[in-house]
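Okay, data.cif now, which holds mmCIF, C-alpha atoms and all ligand atoms:
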data_model
#
loop_
_atom_site.label_atom_id
_atom_site.label_comp_id
_atom_site.auth_asym_id
_atom_site.auth_seq_id
_atom_site.Cartn_x
_atom_site.Cartn_y
_atom_site.Cartn_z
CA MET Q 1 120.01 88.95 108.60
CA ILE Q 2 117.87 90.26 105.74
CA ASP Q 3 117.51 94.03 105.70
CA ILE Q 4 114.14 95.22 104.41
CA SER Q 5 114.53 98.76 105.72
CA THR Q 6 114.18 101.60 103.27
CA LYS Q 7 114.24 105.36 103.09
CA PHE Q 8 111.19 107.13 101.74
CA ALA Q 9 110.77 110.91 101.61
CA GLY Q 10 113.57 111.32 104.11
CA LEU Q 11 111.93 108.92 106.59
CA ASN Q 12 113.73 105.79 107.75
CA LEU Q 13 111.32 102.88 107.52
CA LYS Q 14 111.82 99.40 108.98
CA SER Q 15 109.75 97.99 106.13
CA PRO Q 16 108.69 99.41 102.76
CA ILE Q 17 105.02 98.81 103.70
CA ILE Q 18 103.18 101.99 104.63
CA ILE Q 19 99.56 101.77 105.74
CA GLY Q 20 97.70 104.15 103.43
CA SER Q 21 95.20 106.80 104.43
CA SER Q 22 91.78 105.26 105.06
CA GLY Q 23 89.08 104.56 107.64
CA LEU Q 24 91.62 102.20 109.26
CA THR Q 25 93.87 105.14 110.09
CA ASN Q 26 91.17 107.44 111.44
CA SER Q 27 91.67 106.47 115.09
CA ILE Q 28 94.54 104.85 116.97
CA GLN Q 29 92.55 101.61 117.38
CA TYR Q 30 94.76 99.58 115.03
CA PHE Q 31 98.06 101.47 115.12
CA LYS Q 32 99.86 99.24 117.62
CA ASP Q 33 98.83 96.17 115.58
CA PHE Q 34 100.12 97.78 112.38
CA GLU Q 35 103.46 98.35 114.07
CA ALA Q 36 103.59 94.90 115.70
CA ASN Q 37 102.94 93.29 112.30
CA GLY Q 38 105.84 95.14 110.73
CA ALA Q 39 104.41 98.27 109.06
CA GLY Q 40 107.02 100.87 108.15
CA ALA Q 41 104.79 103.93 108.65
CA ILE Q 42 101.17 105.03 108.84
CA VAL Q 43 99.37 107.69 106.81
CA LEU Q 44 96.47 109.13 108.79
CA LYS Q 45 92.99 109.51 107.33
CA SER Q 46 92.90 112.77 105.38
CA LEU Q 47 91.78 116.02 106.82
CA TYR Q 48 89.56 117.28 104.03
CA GLU Q 49 89.74 120.88 102.91
CA GLU Q 50 85.94 120.91 103.13
CA GLU Q 51 86.24 120.24 106.87
CA ILE Q 52 88.16 123.47 107.25
CA ILE Q 53 86.62 125.70 104.66
CA PHE Q 54 83.02 124.92 104.02
CA LYS Q 55 80.23 126.52 102.06
CA LYS Q 56 77.41 128.27 103.91
CA ASP Q 57 74.95 125.35 103.49
CA ASP Q 58 77.45 122.80 104.72
CA TYR Q 59 78.37 125.06 107.56
CA LEU Q 60 74.73 125.36 108.66
CA LYS Q 61 74.49 121.56 108.60
CA GLN Q 62 77.66 121.30 110.64
CA ALA Q 63 76.42 123.96 113.07
CA LYS Q 64 73.31 121.83 113.70
CA LYS Q 65 75.44 118.72 114.14
CA TYR Q 66 77.51 120.47 116.77
CA GLY Q 67 74.36 121.84 118.42
CA TYR Q 68 75.19 125.51 117.77
CA ASP Q 69 72.64 128.24 117.21
CA SER Q 70 73.28 129.21 113.59
CA LYS Q 71 72.59 132.95 114.03
CA ASP Q 72 76.02 133.98 115.25
CA THR Q 73 77.58 132.99 111.94
CA ASN Q 74 81.10 134.28 112.19
CA TYR Q 75 81.76 132.92 115.65
CA ILE Q 76 80.31 129.50 114.87
CA TYR Q 77 82.11 129.24 111.55
CA HIS Q 78 85.48 129.73 113.25
CA LYS Q 79 84.51 127.51 116.16
CA ILE Q 80 83.59 124.54 113.92
CA LYS Q 81 86.66 125.03 111.77
CA GLN Q 82 88.81 125.07 114.90
CA GLU Q 83 87.14 121.95 116.31
CA ASN Q 84 87.73 119.98 113.11
CA VAL Q 85 91.35 121.03 113.02
CA ASN Q 86 91.87 120.35 116.73
CA LYS Q 87 90.39 116.88 116.37
CA TYR Q 88 92.90 116.16 113.63
CA LEU Q 89 95.82 117.60 115.58
CA GLN Q 90 94.81 115.40 118.52
CA LEU Q 91 94.79 112.33 116.23
CA ILE Q 92 98.39 113.15 115.24
CA LYS Q 93 99.45 113.52 118.88
CA ASP Q 94 97.69 110.31 119.93
CA ALA Q 95 99.25 108.42 117.03
CA LYS Q 96 102.72 109.69 117.93
CA ASN Q 97 102.18 108.59 121.54
CA SER Q 98 100.96 105.12 120.61
CA VAL Q 99 103.66 103.94 118.16
CA SER Q 100 107.26 104.68 117.27
CA ILE Q 101 107.00 104.27 113.47
CA PRO Q 102 106.65 107.49 111.42
CA ILE Q 103 103.21 109.12 111.34
CA ILE Q 104 102.30 110.89 108.13
CA ALA Q 105 99.44 113.39 108.27
CA SER Q 106 97.27 113.64 105.18
CA ILE Q 107 95.41 116.54 103.66
CA ASN Q 108 92.94 116.35 100.83
CA CYS Q 109 92.95 119.68 99.09
CA VAL Q 110 91.58 121.41 96.04
CA THR Q 111 92.63 125.06 96.43
CA PRO Q 112 95.65 127.01 97.71
CA ASN Q 113 93.45 129.05 100.11
CA GLU Q 114 93.96 130.14 103.70
CA TRP Q 115 93.69 126.55 104.95
CA VAL Q 116 97.35 126.21 103.97
CA ASN Q 117 98.09 127.87 107.33
CA PHE Q 118 96.92 124.71 109.08
CA THR Q 119 99.77 122.71 107.62
CA LYS Q 120 102.10 124.53 110.00
CA LYS Q 121 99.97 123.33 112.94
CA ILE Q 122 100.17 119.78 111.63
CA GLN Q 123 103.94 120.05 111.73
CA GLU Q 124 103.80 121.46 115.27
CA ALA Q 125 101.54 118.59 116.39
CA GLY Q 126 104.44 116.23 115.66
CA ALA Q 127 103.64 114.67 112.28
CA ASP Q 128 106.77 113.21 110.69
CA ALA Q 129 105.60 114.21 107.21
CA ILE Q 130 102.56 115.53 105.35
CA GLU Q 131 100.96 113.75 102.44
CA LEU Q 132 98.89 115.91 100.11
CA ASN Q 133 96.10 114.20 98.28
CA ILE Q 134 95.25 116.82 95.67
CA PHE Q 135 92.68 116.19 93.02
CA PHE Q 136 89.96 118.13 91.33
CA ILE Q 137 87.77 116.91 88.51
CA PRO Q 138 88.60 119.15 85.54
CA ASN Q 139 84.91 119.71 84.83
CA ARG Q 140 85.31 123.22 83.48
CA LEU Q 141 85.69 122.19 79.90
CA ASN Q 142 87.15 125.46 78.68
CA LYS Q 143 90.09 125.30 81.10
CA LYS Q 144 93.41 124.39 79.50
CA SER Q 145 95.36 121.42 80.83
CA GLN Q 146 98.39 123.65 81.40
CA ASP Q 147 96.32 125.90 83.71
CA ILE Q 148 95.02 122.90 85.65
CA GLU Q 149 98.52 121.53 86.08
CA ASP Q 150 99.74 124.96 87.20
CA SER Q 151 97.08 124.98 89.97
CA TYR Q 152 98.57 121.77 91.38
CA ILE Q 153 102.06 123.22 91.34
CA ASP Q 154 100.75 126.39 92.97
CA ILE Q 155 99.23 124.49 95.93
CA ILE Q 156 102.32 122.33 96.38
CA THR Q 157 104.68 125.32 96.26
CA LYS Q 158 102.63 127.27 98.81
CA ILE Q 159 102.75 124.36 101.24
CA ARG Q 160 106.42 123.67 100.56
CA ASN Q 161 107.13 127.24 101.63
CA LYS Q 162 105.13 126.82 104.84
CA VAL Q 163 106.56 123.67 106.42
CA ASP Q 164 109.97 122.07 106.92
CA ILE Q 165 108.91 118.44 107.42
CA PRO Q 166 108.91 116.12 104.39
CA ILE Q 167 106.07 116.60 101.92
CA ILE Q 168 104.67 113.68 99.95
CA ILE Q 169 102.36 114.18 96.98
CA LYS Q 170 99.81 111.46 96.36
CA MET Q 171 99.21 111.90 92.67
CA SER Q 172 96.42 111.20 90.27
CA GLN Q 173 97.18 109.29 87.10
CA TYR Q 174 94.83 111.54 85.13
CA PHE Q 175 97.12 114.11 83.57
CA THR Q 176 97.52 114.93 79.89
CA ASN Q 177 101.24 114.31 80.02
CA LEU Q 178 101.62 112.22 83.13
CA GLY Q 179 105.39 111.70 83.02
CA ASN Q 180 106.00 115.41 82.59
CA MET Q 181 103.67 116.21 85.49
CA ILE Q 182 105.44 113.70 87.76
CA HIS Q 183 108.70 115.48 86.90
CA ARG Q 184 107.21 118.93 87.49
CA VAL Q 185 105.93 117.84 90.92
CA SER Q 186 109.30 116.29 91.80
CA ASN Q 187 111.01 119.60 90.98
CA THR Q 188 108.95 121.60 93.52
CA GLY Q 189 111.14 120.46 96.41
CA VAL Q 190 108.78 117.75 97.67
CA ASN Q 191 110.35 114.66 99.23
CA GLY Q 192 108.17 111.89 97.87
CA ILE Q 193 105.51 111.07 95.31
CA VAL Q 194 102.91 108.32 95.58
CA LEU Q 195 101.88 106.77 92.26
CA PHE Q 196 98.82 106.71 92.39
CA ASN Q 197 95.79 107.56 94.42
CA LYS Q 198 92.62 105.59 93.77
CA TYR Q 199 89.40 107.56 93.45
CA TYR Q 200 85.98 106.18 93.83
CA SER Q 201 83.68 106.56 90.86
CA PRO Q 202 79.95 107.09 90.77
CA ASP Q 203 77.66 104.26 89.78
CA ILE Q 204 73.92 104.25 88.96
CA ASP Q 205 71.31 102.08 90.65
CA ILE Q 206 69.07 101.15 87.70
CA ASN Q 207 66.05 100.51 89.95
CA THR Q 208 66.08 103.71 91.97
CA LYS Q 209 67.96 105.79 89.35
CA GLU Q 210 70.09 107.05 92.19
CA ILE Q 211 73.77 107.83 91.86
CA THR Q 212 75.64 105.49 94.14
CA VAL Q 213 79.26 104.88 95.06
CA SER Q 214 81.04 102.13 93.17
CA ASN Q 215 83.38 99.67 94.83
CA VAL Q 216 85.98 101.61 96.80
CA PHE Q 217 88.49 98.76 97.06
CA SER Q 218 91.17 98.02 94.50
CA ARG Q 219 91.74 94.70 92.77
CA PRO Q 220 95.14 93.03 92.38
CA SER Q 221 95.01 93.76 88.63
CA ASP Q 222 95.00 97.50 89.38
CA ILE Q 223 98.72 97.25 90.08
CA TYR Q 224 99.71 97.44 86.41
CA VAL Q 225 99.21 101.18 86.00
CA PRO Q 226 101.37 102.19 89.01
CA LEU Q 227 103.88 99.47 88.11
CA ARG Q 228 104.44 100.95 84.65
CA TRP Q 229 104.78 104.51 85.88
CA VAL Q 230 107.06 103.66 88.78
CA ALA Q 231 109.28 101.78 86.31
CA LEU Q 232 109.22 104.66 83.82
CA THR Q 233 110.01 107.40 86.34
CA SER Q 234 112.06 105.86 89.17
CA GLY Q 235 115.66 106.99 89.08
CA THR Q 236 114.72 110.00 86.93
CA VAL Q 237 112.92 112.19 89.49
CA ASN Q 238 114.24 114.37 92.28
CA CYS Q 239 112.46 112.61 95.14
CA SER Q 240 111.44 109.20 96.47
CA ILE Q 241 108.65 107.21 94.88
CA ALA Q 242 106.05 105.00 96.51
CA ALA Q 243 103.70 102.73 94.60
CA SER Q 244 100.05 102.44 95.51
CA THR Q 245 96.80 100.89 94.26
CA GLY Q 246 96.41 97.17 93.69
CA ILE Q 247 99.32 95.99 95.87
CA HIS Q 248 97.69 93.10 97.66
CA ASP Q 249 100.43 90.58 98.42
CA GLY Q 250 104.16 90.01 98.80
CA GLU Q 251 104.69 89.27 95.14
CA ALA Q 252 103.14 92.61 94.20
CA LEU Q 253 105.37 94.29 96.78
CA ILE Q 254 108.49 92.72 95.22
CA LYS Q 255 107.40 93.78 91.71
CA THR Q 256 106.99 97.42 92.73
CA ILE Q 257 110.40 97.46 94.41
CA MET Q 258 111.94 95.95 91.28
CA ALA Q 259 110.19 98.70 89.31
CA GLY Q 260 112.04 101.16 91.54
CA ALA Q 261 109.61 102.03 94.36
CA ASP Q 262 111.17 103.01 97.68
CA ALA Q 263 107.96 102.04 99.49
CA VAL Q 264 104.33 101.06 98.94
CA GLU Q 265 101.07 102.30 100.44
CA ILE Q 266 98.46 99.61 101.01
CA VAL Q 267 94.82 99.76 102.11
CA SER Q 268 92.42 97.36 100.34
CA THR Q 269 94.41 94.23 101.16
CA ILE Q 270 94.28 95.08 104.87
CA TYR Q 271 90.50 95.48 104.69
CA LYS Q 272 90.25 92.17 102.84
CA ASN Q 273 92.93 90.04 104.51
CA GLY Q 274 93.41 91.65 107.90
CA ILE Q 275 96.38 93.29 109.60
CA LYS Q 276 98.42 90.07 109.50
CA GLN Q 277 98.79 90.67 105.74
CA ILE Q 278 101.56 93.17 106.55
CA LYS Q 279 103.62 90.38 108.15
CA GLU Q 280 102.80 87.99 105.28
CA MET Q 281 104.01 90.51 102.72
CA ASN Q 282 107.20 91.29 104.65
CA ASN Q 283 107.87 87.55 105.01
CA THR Q 284 107.39 86.91 101.29
CA LEU Q 285 109.91 89.68 100.58
CA ILE Q 286 112.41 88.28 103.11
CA GLU Q 287 112.06 84.72 101.76
CA PHE Q 288 112.47 85.97 98.19
CA LEU Q 289 115.75 87.69 99.10
CA LYS Q 290 116.98 84.77 101.22
CA TYR Q 291 116.36 82.26 98.41
CA ARG Q 292 118.54 84.36 96.10
CA ASN Q 293 121.31 84.87 98.65
CA LEU Q 294 120.58 88.57 98.83
CA ASN Q 295 120.53 90.48 102.08
CA SER Q 296 118.90 93.82 101.32
CA ILE Q 297 116.07 95.22 99.24
CA LYS Q 298 118.58 97.69 97.82
CA GLN Q 299 119.89 94.78 95.73
CA ILE Q 300 116.59 94.42 93.85
CA LYS Q 301 115.38 98.02 93.83
CA GLY Q 302 114.97 99.37 90.31
CA GLN Q 303 116.25 96.20 88.61
CA ALA Q 304 113.28 96.27 86.25
CA ASN Q 305 112.90 99.99 85.76
CA GLN Q 306 113.40 101.76 82.46
CA ILE Q 307 117.01 102.57 83.23
CA ASN Q 308 118.08 99.04 84.18
CA SER Q 309 115.73 96.75 82.28
CA ASN Q 310 117.07 94.84 79.27
CA ASP Q 311 113.77 95.28 77.44
CA SER Q 312 112.46 98.60 78.70
CA ALA Q 313 110.55 99.14 75.43
CA VAL Q 314 107.91 96.75 76.85
CA LEU Q 315 107.06 99.44 79.40
CA GLU Q 316 106.06 101.75 76.56
CA ARG Q 317 104.17 99.22 74.47
CA VAL Q 318 100.41 99.54 74.79
CA GLN Q 319 98.99 97.93 71.67
CA PHE Q 320 98.13 94.26 71.34
CA MET Q 321 99.93 93.54 68.09
CA ARG Q 322 102.19 90.77 69.35
CA TYR Q 323 99.71 89.37 71.87
CA PHE Q 324 96.91 88.88 69.35
CA SER Q 325 99.11 87.23 66.77
CA ASP Q 326 100.25 84.65 69.37
CA ASN Q 327 96.94 84.05 71.18
CA ASN Q 328 94.04 82.97 68.96
CA ASP Q 329 92.26 80.44 71.18
CA ILE Q 330 88.91 81.21 72.76
CA ILE Q 331 89.22 80.91 76.52
C1 LIG L 401 87.69 103.09 102.79
C2 LIG L 401 88.78 103.92 102.18
C3 LIG L 401 89.01 105.21 102.66
C4 LIG L 401 90.02 106.00 102.08
N1 LIG L 401 90.25 107.26 102.56
C5 LIG L 401 91.28 108.00 102.04
C6 LIG L 401 91.59 109.28 102.54
O1 LIG L 401 90.96 109.81 103.47
N2 LIG L 401 92.62 109.93 101.99
C7 LIG L 401 93.38 109.42 100.96
O2 LIG L 401 94.34 110.06 100.50
N3 LIG L 401 93.10 108.20 100.46
C8 LIG L 401 92.07 107.49 100.98
N4 LIG L 401 91.82 106.25 100.46
C9 LIG L 401 92.63 105.73 99.34
C10 LIG L 401 93.76 104.84 99.87
O3 LIG L 401 94.65 105.55 100.71
C11 LIG L 401 94.58 104.24 98.72
O4 LIG L 401 95.18 105.27 97.97
C12 LIG L 401 93.73 103.40 97.77
O5 LIG L 401 92.81 102.59 98.48
C13 LIG L 401 94.62 102.53 96.87
O6 LIG L 401 95.39 101.62 97.63
P1 LIG L 401 94.95 100.07 97.73
O7 LIG L 401 94.90 99.53 96.37
O8 LIG L 401 95.98 99.41 98.60
O9 LIG L 401 93.60 100.07 98.39
C14 LIG L 401 90.81 105.46 101.03
C15 LIG L 401 90.57 104.15 100.58
C16 LIG L 401 89.57 103.38 101.14
C17 LIG L 401 89.35 101.98 100.62
#
Starting from the coordinates I provided, produce the structure as structure tokens.
Amino acid sequence: MIDISTKFAGLNLKSPIIIGSSGLTNSIQYFKDFEANGAGAIVLKSLYEEEIIFKKDDYLKQAKKYGYDSKDTNYIYHKIKQENVNKYLQLIKDAKNSVSIPIIASINCVTPNEWVNFTKKIQEAGADAIELNIFFIPNRLNKKSQDIEDSYIDIITKIRNKVDIPIIIKMSQYFTNLGNMIHRVSNTGVNGIVLFNKYYSPDIDINTKEITVSNVFSRPSDIYVPLRWVALTSGTVNCSIAASTGIHDGEALIKTIMAGADAVEIVSTIYKNGIKQIKEMNNTLIEFLKYRNLNSIKQIKGQANQINSNDSAVLERVQFMRYFSDNNDII
């Protein structure tokens, strides 16, 4: 019997494959299929801070959407806020009732404001953990990187003090000193870190001159950034680590575990290859272990990280010196 169970952020998972936050996790439509195909856990679609605290213009739009008369501002503001939160709390409860694998609620946040109080309700609704997807574009050019980093730590600490369930931080790779920031986050008392979130970037339609949304899905080659940083930090931080972005098949799953990941979060490959991809990836992992007479993923975890690798300097090399001197043919 091959054991592919793992522990991530204090949660016991039957498989290291977690279904990441996305449109696929916005209703319980697919949850039973995720579980039946061997998923270890599900991260719900994020509740966005803007759905709880919105600006006046957005609020007026929302008021119209909900069919409210926009004159009684205070009442309607609280009513809409409450409805958005209640909808999310109901999603958590429905998810918990439909499957037995852990359900991770997700919040996308940019400030440590009063919305933090809702995290307590998320815990009460039965979520097994909360994942925080925190990112703000540092577009105020006079702000120092240290101050920006401190804002992240401030939000995380405020939430850590509010809830008892495991907290997972889905991190951006865009920090001045990424390794140091990963360490700072891991020292706040959180239980897991996801390396990394993928953000969509704006594109420009050259005919209409409109700003559009670029491709939201990852490519398999996107794995190399998380792979490096999982390998550089696993075994050195005070919490679990999950890899995310660009993990599309079983081989990629095995690589991230070898780099030291306790779990992975996948989205794009499910959109592209269907829910059966979870089973395919688990099977590739099982076959890989079986072929090598191994019986648990613990036996391969971290084998290629910076602590255990025979040539860990490769993880730090970024220039092409050796590659160019060996590869001169036009392809
Ligand atoms: C359609 C779509 C919707 C997403 N929505 C969210 C979201 O609400 N919250 C979040 O944290 N990440 C969201 N993500 C990001 C994914 O959770 C994941 O981090 C990203 O897609 C990288 O993983 P992948 O390479 O397996 O796709 C979304 C991704 C996609 C493609």
Could I get the residues of chain Q with an atom no further than 9 Å from an atom of ligand LIG 401 (chain L), each paired with its nearest atom pair and that distance in Å to one decimal, using all atoms listed in the file, sorted by chain and residue number, as JSON lines?
{"residue": "Q:Ile19", "atom": "CA", "partner": "L:LIG401", "partner_atom": "O3", "distance": 8.0}
{"residue": "Q:Gly20", "atom": "CA", "partner": "L:LIG401", "partner_atom": "O3", "distance": 4.3}
{"residue": "Q:Ser21", "atom": "CA", "partner": "L:LIG401", "partner_atom": "O3", "distance": 4.0}
{"residue": "Q:Ser22", "atom": "CA", "partner": "L:LIG401", "partner_atom": "C4", "distance": 3.5}
{"residue": "Q:Gly23", "atom": "CA", "partner": "L:LIG401", "partner_atom": "C3", "distance": 5.0}
{"residue": "Q:Leu24", "atom": "CA", "partner": "L:LIG401", "partner_atom": "C1", "distance": 7.6}
{"residue": "Q:Thr25", "atom": "CA", "partner": "L:LIG401", "partner_atom": "O1", "distance": 8.6}
{"residue": "Q:Asn26", "atom": "CA", "partner": "L:LIG401", "partner_atom": "O1", "distance": 8.3}
{"residue": "Q:Val43", "atom": "CA", "partner": "L:LIG401", "partner_atom": "O3", "distance": 8.0}
{"residue": "Q:Leu44", "atom": "CA", "partner": "L:LIG401", "partner_atom": "O1", "distance": 7.7}
{"residue": "Q:Lys45", "atom": "CA", "partner": "L:LIG401", "partner_atom": "O1", "distance": 4.4}
{"residue": "Q:Ser46", "atom": "CA", "partner": "L:LIG401", "partner_atom": "O1", "distance": 4.0}
{"residue": "Q:Leu47", "atom": "CA", "partner": "L:LIG401", "partner_atom": "O1", "distance": 7.1}
{"residue": "Q:Tyr48", "atom": "CA", "partner": "L:LIG401", "partner_atom": "O1", "distance": 7.6}
{"residue": "Q:Ser106", "atom": "CA", "partner": "L:LIG401", "partner_atom": "O2", "distance": 6.6}
{"residue": "Q:Ile107", "atom": "CA", "partner": "L:LIG401", "partner_atom": "O2", "distance": 7.3}
{"residue": "Q:Asn108", "atom": "CA", "partner": "L:LIG401", "partner_atom": "O2", "distance": 6.5}
{"residue": "Q:Glu131", "atom": "CA", "partner": "L:LIG401", "partner_atom": "O2", "distance": 7.8}
{"residue": "Q:Leu132", "atom": "CA", "partner": "L:LIG401", "partner_atom": "O2", "distance": 7.4}
{"residue": "Q:Asn133", "atom": "CA", "partner": "L:LIG401", "partner_atom": "O2", "distance": 5.0}
{"residue": "Q:Ile134", "atom": "CA", "partner": "L:LIG401", "partner_atom": "O2", "distance": 8.4}
{"residue": "Q:Lys170", "atom": "CA", "partner": "L:LIG401", "partner_atom": "O2", "distance": 7.0}
{"residue": "Q:Val194", "atom": "CA", "partner": "L:LIG401", "partner_atom": "O4", "distance": 8.6}
{"residue": "Q:Leu195", "atom": "CA", "partner": "L:LIG401", "partner_atom": "O4", "distance": 8.9}
{"residue": "Q:Phe196", "atom": "CA", "partner": "L:LIG401", "partner_atom": "O4", "distance": 6.8}
{"residue": "Q:Asn197", "atom": "CA", "partner": "L:LIG401", "partner_atom": "O4", "distance": 4.3}
{"residue": "Q:Lys198", "atom": "CA", "partner": "L:LIG401", "partner_atom": "C12", "distance": 4.7}
{"residue": "Q:Tyr199", "atom": "CA", "partner": "L:LIG401", "partner_atom": "C9", "distance": 7.0}
{"residue": "Q:Tyr200", "atom": "CA", "partner": "L:LIG401", "partner_atom": "C15", "distance": 8.4}
{"residue": "Q:Asn215", "atom": "CA", "partner": "L:LIG401", "partner_atom": "C17", "distance": 8.6}
{"residue": "Q:Val216", "atom": "CA", "partner": "L:LIG401", "partner_atom": "C17", "distance": 5.1}
{"residue": "Q:Phe217", "atom": "CA", "partner": "L:LIG401", "partner_atom": "C17", "distance": 4.9}
{"residue": "Q:Ser218", "atom": "CA", "partner": "L:LIG401", "partner_atom": "O7", "distance": 4.4}
{"residue": "Q:Arg219", "atom": "CA", "partner": "L:LIG401", "partner_atom": "O7", "distance": 6.8}
{"residue": "Q:Pro220", "atom": "CA", "partner": "L:LIG401", "partner_atom": "O7", "distance": 7.6}
{"residue": "Q:Asp222", "atom": "CA", "partner": "L:LIG401", "partner_atom": "O7", "distance": 7.3}
{"residue": "Q:Ile223", "atom": "CA", "partner": "L:LIG401", "partner_atom": "O7", "distance": 7.7}
{"residue": "Q:Ala243", "atom": "CA", "partner": "L:LIG401", "partner_atom": "O6", "distance": 8.9}
{"residue": "Q:Ser244", "atom": "CA", "partner": "L:LIG401", "partner_atom": "O6", "distance": 5.2}
{"residue": "Q:Thr245", "atom": "CA", "partner": "L:LIG401", "partner_atom": "O7", "distance": 3.1}
{"residue": "Q:Gly246", "atom": "CA", "partner": "L:LIG401", "partner_atom": "O7", "distance": 3.9}
{"residue": "Q:Ile247", "atom": "CA", "partner": "L:LIG401", "partner_atom": "O8", "distance": 5.5}
{"residue": "Q:His248", "atom": "CA", "partner": "L:LIG401", "partner_atom": "O8", "distance": 6.6}
{"residue": "Q:Val264", "atom": "CA", "partner": "L:LIG401", "partner_atom": "O8", "distance": 8.5}
{"residue": "Q:Glu265", "atom": "CA", "partner": "L:LIG401", "partner_atom": "O8", "distance": 6.1}
{"residue": "Q:Ile266", "atom": "CA", "partner": "L:LIG401", "partner_atom": "O8", "distance": 3.5}
{"residue": "Q:Val267", "atom": "CA", "partner": "L:LIG401", "partner_atom": "O8", "distance": 3.7}
{"residue": "Q:Ser268", "atom": "CA", "partner": "L:LIG401", "partner_atom": "O9", "distance": 3.5}
{"residue": "Q:Thr269", "atom": "CA", "partner": "L:LIG401", "partner_atom": "O8", "distance": 6.0}
{"residue": "Q:Ile270", "atom": "CA", "partner": "L:LIG401", "partner_atom": "O8", "distance": 7.8}
{"residue": "Q:Tyr271", "atom": "CA", "partner": "L:LIG401", "partner_atom": "C17", "distance": 7.8}
Exercise. Within 12 Å of Q:Thr176, counting all atoms listed in the file, which residues qualify if same-chain residues fewer than 4 places away don't, as a list in words?
Worked result: Pro138, Lys144, Ser145, Gln146, Asp147, Ile148, Glu149, Ser172, Asn180, Met181 and Ile182 of chain Q
Exercise. Atom CA of Q:Leu11 and atom CA of Q:Ile307, how far apart in Å?
Worked result: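 Atom CA of Q:Ile307 sits 24.7 Å away from atom CA of Q:Leu11.
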Problem set entry | Selection: 12 Å around Q:Thr236, all atoms listed in the file, excl. self and same-chain fewer than 4 positions, as an NGL selection string | :Q and (179-180 or 182-184 or 186-187 or 229-232 or 240-241 or 260 or 302 or 305-308)
Exercise. Do you know which residues are at most 7 Å from stretch 78-86 of chain Q counting all atoms listed in the file, after dropping those on the same chain fewer than 4 positions away, and could you put them as a PyMOL selection string?
Worked result: chain Q and resi 51-52+74+90
For this session: Determine, counting all atoms listed in the file, which protein, DNA and RNA residues have an atom within 10 Å of an atom of Q:Gly40; residues of the same chain fewer than 4 positions away are not included. Present the result as a PyMOL selection string.
Result: chain Q and resi 4-8+11-19+34-35+100-103+263-265+278
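Checking Q:Gln299, Q:Ile286, Q:Leu253, Q:Pro202 one by one against Q:Ser214, counting all atoms listed in the file, you find the shortest gap at Q:Pro202.
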For this session: Quick one: pull the distance between atom CA of Q:Ile156 and atom CA of Q:Ser27, Å, one decimal.
Result: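 For atom CA of Q:Ile156 relative to atom CA of Q:Ser27, the distance reads 26.7 Å.
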Exercise. Which residue out of Q:Ala259, Q:Ala252, Q:Val110, Q:Val225 has the minimum interatomic distance to Q:Lys298 when all atoms listed in the file are used?
Worked result: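 Among the listed residues, the smallest separation from Q:Lys298 belongs to Q:Ala259.
Residues having any atom no farther than 7 Å from (92.1, 113.2, 84.7) (counting all atoms listed in the file) are Ile137, Pro138, Gln173, Tyr174 and Phe175 of chain Q.
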Written selection (C-alpha atoms) as a PDB file, in the frame of the given file:
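Everything below was put into out09.pdb:
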ATOM      1  CA  ILE Q 137      87.770 116.910  88.510  1.00  0.00           C
ATOM      2  CA  PRO Q 138      88.600 119.150  85.540  1.00  0.00           C
ATOM      3  CA  GLN Q 173      97.180 109.290  87.100  1.00  0.00           C
ATOM      4  CA  TYR Q 174      94.830 111.540  85.130  1.00  0.00           C
ATOM      5  CA  PHE Q 175      97.120 114.110  83.570  1.00  0.00           C
TER       6      PHE Q 175
END
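Ranking Q:Tyr88, Q:Phe320, Q:Tyr152, Q:Tyr77 by their shortest atom-to-atom distance to Q:Thr111, with all atoms listed in the file included, puts Q:Tyr152 first.
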For this session: Rank nothing, just name the residue among Q:Glu50, Q:Glu287, Q:Glu280, Q:Glu316 nearest to Q:Trp115, using all atoms listed in the file.
Result: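 For Q:Trp115, the nearest of the candidates is Q:Glu50.
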Exercise. Which value, in Å to one decimal, gives the distance between atom CA of Q:Met258 and atom CA of Q:Leu285?
Worked result: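 Between these atoms lies a distance of 11.4 Å.
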For this session: Using all atoms listed in the file, find the one residue out of Q:Asp249, Q:Asp33, Q:Asp262, Q:Asp164 that sits nearest to Q:Val99.
Result: Q:Asp33
